[in-house]
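Below is upload-v6.txt, holding compact mmCIF, C-alpha atoms.
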# COMPACT_ATOMS: atom_id res chain seq x y z
CA MET A 723 22.81 -13.70 1.98
CA ALA A 724 20.99 -11.47 4.48
CA GLN A 725 18.58 -10.18 1.82
CA SER A 726 17.83 -13.69 0.60
CA THR A 727 17.14 -14.82 4.18
CA LYS A 728 14.75 -11.92 4.64
CA GLN A 729 13.07 -12.77 1.34
CA ALA A 730 12.80 -16.44 2.34
CA LEU A 731 11.18 -15.50 5.64
CA ALA A 732 8.80 -13.15 3.83
CA ALA A 733 7.92 -15.85 1.29
CA SER A 734 7.21 -18.24 4.13
CA LEU A 735 5.03 -15.63 5.83
CA LYS A 736 3.11 -15.07 2.60
CA GLN A 737 2.56 -18.80 2.18
CA LEU A 738 1.32 -19.18 5.76
CA LEU A 739 -0.94 -16.12 5.44
CA GLU A 740 -2.71 -17.83 2.56
CA LYS A 741 -3.79 -20.51 5.06
CA LYS A 742 -4.35 -18.75 8.38
CA SER A 743 -4.52 -15.53 10.33
CA LEU A 744 -1.36 -13.64 11.19
CA ASP A 745 -2.26 -14.07 14.86
CA ASP A 746 -1.94 -17.86 14.45
CA ILE A 747 1.50 -17.80 12.82
CA THR A 748 4.53 -18.38 15.03
CA VAL A 749 8.21 -17.63 14.63
CA LYS A 750 8.78 -21.36 15.11
CA GLU A 751 6.71 -22.15 11.99
CA LEU A 752 8.54 -19.54 9.95
CA VAL A 753 12.03 -20.68 10.87
CA GLU A 754 11.18 -24.35 10.37
CA ASP A 755 9.76 -23.59 6.93
CA CYS A 756 12.91 -21.66 5.98
CA ALA A 757 15.33 -24.09 7.65
CA VAL A 758 16.92 -21.32 9.71
CA ASN A 759 17.13 -20.96 13.46
CA ARG A 760 15.27 -18.51 15.69
CA GLN A 761 18.43 -16.50 16.20
CA THR A 762 18.61 -15.89 12.45
CA PHE A 763 15.01 -14.66 12.45
CA TYR A 764 15.69 -12.27 15.31
CA TYR A 765 18.88 -11.06 13.65
CA HIS A 766 16.71 -9.69 10.82
CA PHE A 767 13.41 -8.87 12.53
CA GLN A 768 12.23 -7.89 16.00
CA ASP A 769 9.06 -9.96 15.72
CA ILE A 770 6.45 -11.18 13.25
CA TYR A 771 5.00 -7.67 12.93
CA ASP A 772 8.39 -6.31 11.93
CA LEU A 773 8.59 -9.03 9.26
CA LEU A 774 5.03 -8.20 8.16
CA SER A 775 5.92 -4.53 7.83
CA TRP A 776 9.00 -5.35 5.73
CA PHE A 777 6.99 -7.82 3.64
CA LEU A 778 4.19 -5.32 2.95
CA THR A 779 6.68 -2.65 1.93
CA GLN A 780 8.36 -5.07 -0.49
CA GLU A 781 5.02 -6.19 -1.92
CA ALA A 782 3.81 -2.60 -2.42
CA THR A 783 7.06 -1.61 -4.09
CA GLN A 784 6.86 -4.57 -6.43
CA ALA A 785 3.14 -4.09 -7.14
CA LEU A 786 3.65 -0.48 -8.23
CA ALA A 787 7.14 -0.63 -9.74
CA GLY A 788 7.15 1.05 -13.11
CA LYS A 789 3.50 0.31 -13.78
CA TYR A 790 2.18 3.84 -13.68
CA SER A 791 3.24 7.43 -13.91
CA ALA A 792 1.79 10.65 -12.60
CA ALA A 793 0.10 11.15 -15.95
CA ASN A 794 -1.77 7.85 -15.64
CA TRP A 795 -2.26 7.65 -11.86
CA GLU A 796 -5.40 5.62 -12.33
CA GLU A 797 -3.18 2.70 -13.39
CA GLY A 798 -1.42 2.87 -10.02
CA LEU A 799 -4.76 2.91 -8.21
CA LEU A 800 -5.98 -0.01 -10.32
CA GLN A 801 -2.77 -1.92 -9.53
CA ALA A 802 -3.38 -1.41 -5.81
CA PHE A 803 -6.95 -2.72 -6.04
CA GLN A 804 -5.90 -5.66 -8.22
CA TYR A 805 -3.06 -6.61 -5.87
CA VAL A 806 -5.51 -6.73 -2.98
CA ARG A 807 -8.00 -8.76 -5.01
CA ASP A 808 -5.31 -11.18 -6.25
CA ASN A 809 -4.11 -11.71 -2.67
CA HIS A 810 -7.49 -11.62 -0.95
CA ARG A 811 -6.89 -14.54 1.45
CA LEU A 812 -3.61 -13.05 2.60
CA ILE A 813 -5.23 -9.60 2.97
CA PHE A 814 -8.17 -10.98 4.98
CA HIS A 815 -5.80 -12.94 7.23
CA ILE A 816 -3.84 -9.76 7.96
CA PHE A 817 -6.89 -7.50 8.14
CA GLY A 818 -8.59 -9.73 10.71
CA SER A 819 -5.52 -9.83 12.95
CA ASN A 820 -3.36 -7.61 15.12
CA GLY A 821 -1.52 -6.71 11.91
CA GLN A 822 -4.49 -4.71 10.63
CA GLY A 823 -2.84 -1.40 11.51
CA LEU A 824 0.28 -2.31 9.55
CA LEU A 825 -1.83 -3.19 6.51
CA ALA A 826 -3.81 0.04 6.77
CA GLY A 827 -0.55 1.96 7.13
CA GLN A 828 0.90 0.32 4.03
CA LEU A 829 -2.24 1.05 2.00
CA ASN A 830 -2.00 4.67 3.15
CA GLU A 831 1.69 4.82 2.20
CA MET A 832 1.02 3.31 -1.22
CA SER A 833 -1.78 5.82 -1.84
CA GLN A 834 0.46 8.66 -0.64
CA GLN A 835 3.17 7.71 -3.12
CA ILE A 836 0.69 7.65 -5.98
CA MET A 837 -0.91 10.95 -5.00
CA TYR A 838 2.32 12.81 -4.34
CA ARG A 839 3.60 11.94 -7.83
CA VAL A 840 0.31 13.14 -9.30
CA ILE A 841 0.37 16.43 -7.41
CA GLU A 842 4.02 17.02 -8.34
CA ALA A 843 3.21 16.50 -12.01
CA SER A 844 0.03 18.58 -11.82
CA CYS A 845 1.71 21.67 -10.42
CA GLN A 846 5.18 21.79 -11.97
CA ASP A 847 4.49 25.24 -13.39
CA LEU A 848 2.91 26.61 -10.20
CA GLU A 849 4.61 28.22 -7.26
CA LEU A 850 3.46 25.87 -4.56
CA ALA A 851 5.08 25.28 -1.20
CA GLU A 852 6.21 21.75 -0.42
CA LYS A 853 3.93 21.66 2.63
CA ASP A 854 0.97 22.49 0.38
CA LYS A 855 1.86 19.71 -2.08
CA GLN A 856 2.15 17.31 0.84
CA PHE A 857 -1.22 18.41 2.21
CA ILE A 858 -3.03 18.02 -1.11
CA ALA A 859 -1.47 14.58 -1.61
CA ARG A 860 -2.41 13.61 1.95
CA PHE A 861 -6.01 14.72 1.40
CA TYR A 862 -6.47 12.62 -1.74
CA LYS A 863 -4.48 9.75 -0.22
CA SER A 864 -6.94 9.62 2.66
CA ALA A 865 -9.84 9.34 0.25
CA PHE A 866 -8.20 6.64 -1.87
CA ALA A 867 -6.88 4.57 1.03
CA GLY A 868 -10.24 4.88 2.79
CA LEU A 869 -12.02 3.67 -0.32
CA LEU A 870 -9.65 0.72 -0.58
CA LEU A 871 -10.10 -0.21 3.10
CA GLU A 872 -13.88 0.08 2.80
CA TRP A 873 -13.78 -2.17 -0.25
CA ILE A 874 -11.79 -4.76 1.70
CA THR A 875 -14.17 -4.72 4.66
CA GLY A 876 -17.13 -4.94 2.27
CA GLY A 877 -15.87 -8.23 0.85
CA MET A 878 -14.32 -6.88 -2.38
CA SER A 879 -17.52 -7.42 -4.35
CA GLU A 880 -17.07 -4.54 -6.81
CA GLU A 881 -14.70 -4.88 -9.72
CA PRO A 882 -11.48 -2.84 -9.34
CA ALA A 883 -11.79 -1.36 -12.84
CA GLU A 884 -15.32 -0.11 -12.06
CA ILE A 885 -14.21 1.55 -8.82
CA VAL A 886 -11.27 3.23 -10.53
CA SER A 887 -13.56 4.39 -13.35
CA GLN A 888 -15.86 6.02 -10.78
CA VAL A 889 -12.92 7.67 -9.03
CA VAL A 890 -11.64 9.05 -12.35
CA LYS A 891 -15.07 10.58 -13.06
CA LEU A 892 -15.08 12.14 -9.61
CA VAL A 893 -11.59 13.65 -9.56
CA ASP A 894 -10.79 14.29 -13.22
CA GLY A 895 -8.96 17.62 -13.28
CA GLU A 896 -9.31 18.15 -9.53
CA PHE A 897 -5.62 17.64 -8.72
CA ARG A 898 -4.68 20.59 -10.91
CA ARG A 899 -7.55 22.73 -9.61
CA SER A 900 -6.55 21.99 -6.02
CA ALA A 901 -2.95 22.98 -6.74
CA GLU A 902 -4.09 26.18 -8.47
CA ARG A 903 -6.26 27.16 -5.48
CA PHE A 904 -3.33 26.67 -3.12
CA ALA A 905 -1.02 28.64 -5.41
CA ARG A 906 -3.54 31.53 -5.56
CA HIS A 907 -3.87 31.63 -1.78
CA ARG A 908 -0.18 31.47 -0.96
CA SER A 909 0.78 33.43 2.08

Written as C-alpha cells, that's how I'd like the structure from this file.
Amino acid sequence: MAQSTKQALAASLKQLLEKKSLDDITVKELVEDCAVNRQTFYYHFQDIYDLLSWFLTQEATQALAGKYSAANWEEGLLQAFQYVRDNHRLIFHIFGSNGQGLLAGQLNEMSQQIMYRVIEASCQDLELAEKDKQFIARFYKSAFAGLLLEWITGGMSEEPAEIVSQVVKLVDGEFRRSAERFARHRS
C-alpha cells in the first residue's frame, strides 16, 4: 500500500507539472488529487522536493530500464534525450523552478549510470583502479549531462537522434583509449 500511495502522489505531481511550475504546486493540491490526507503525504515525503526527487529517480529508472547496454550506450543517451523531449512541459516546469537543482542532479546521475557501465565494459581486460573508472565515467558524464542541460535551456530545437549521432562521431573509441591511458599510467 505504501508504494502505491507514493506512486499515486508521484502520478499526481506529474499531472500537475504538465500544467504549471513546481513552485506553484502545493501539498494540498496533491493530497486532494490523490484523496489522501496531509499526514499521509508527510509519512512518505518530507516536502514536495522530496517527492520530486523520488519521482525523478523512478522516471529515470523506468526510462533506461533494459533499453541499452554498455555495448550500445548511445541508445541509453538517446533514451535520455527522448524522455526529456516527450516530457518537455514537465521538464520546463521543473527547470524553471526551485526544483532545477534536483532535475540537474538526476540528469547527472542518469548520465553517470550510462557512462560507468560503458567504462566497465570498455576496460574489463585492463588493470584499472576503481577510482580511475569512476573518474573517467564522471568526466564523460559531465559532458553528456551538460549537453543535455544546454539542449533543454536552448529550447530542445535539435533532434535527439542528430545530437546522439554527433556525440558518437566525437567519442567513438575514446572510452577505451581513456581507460588504456589510465592503465598505462597506473601508480

Fewer than 6 positions away in the same chain doesn't count, so skip those; otherwise give me all residues within 9 Å of Tyr771 (chain A), counting only C-alpha atoms, as a PyMOL selection string. chain A and resi 744+820-821+824

Nearest-residue call for Ile874 (chain A), choices A:Gln784, A:Gln804, A:Gln737, A:Gln725, using all atoms listed in the file: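 Residue with the minimum atom-to-atom distance to Ile874 (chain A): A:Gln804.
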
Please provide the set of residues having any atom within 12 Å of Val840 (chain A), restricted to all atoms listed in the file, with same-chain residues fewer than 6 positions apart removed, written as a list in words.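 Near Val840 (chain A), the qualifying residues are Tyr790, Ser791, Ala792, Ala793, Asn794, Trp795, Glu796, Glu797, Gly798, Leu799, Ser833, Gln834, Gln846, Lys855, Gln856, Ile858, Ala859, Arg860, Tyr862, Lys863, Val893, Asp894, Gly895, Glu896, Phe897, Arg898, Ser900 and Ala901 of chain A.
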
Radius query 12 Å about (11.9, -22.0, 8.2), atoms used: only C-alpha atoms, as a PyMOL selection string: chain A and resi 727-735+737-738+748-763

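Those residues that approach region 882-884 of chain A to within 7 Å, counting only C-alpha atoms, are A:Leu800, A:Phe803, A:Gln804, A:Ser887, A:Gln888; same-chain residues fewer than 3 positions away are not listed.
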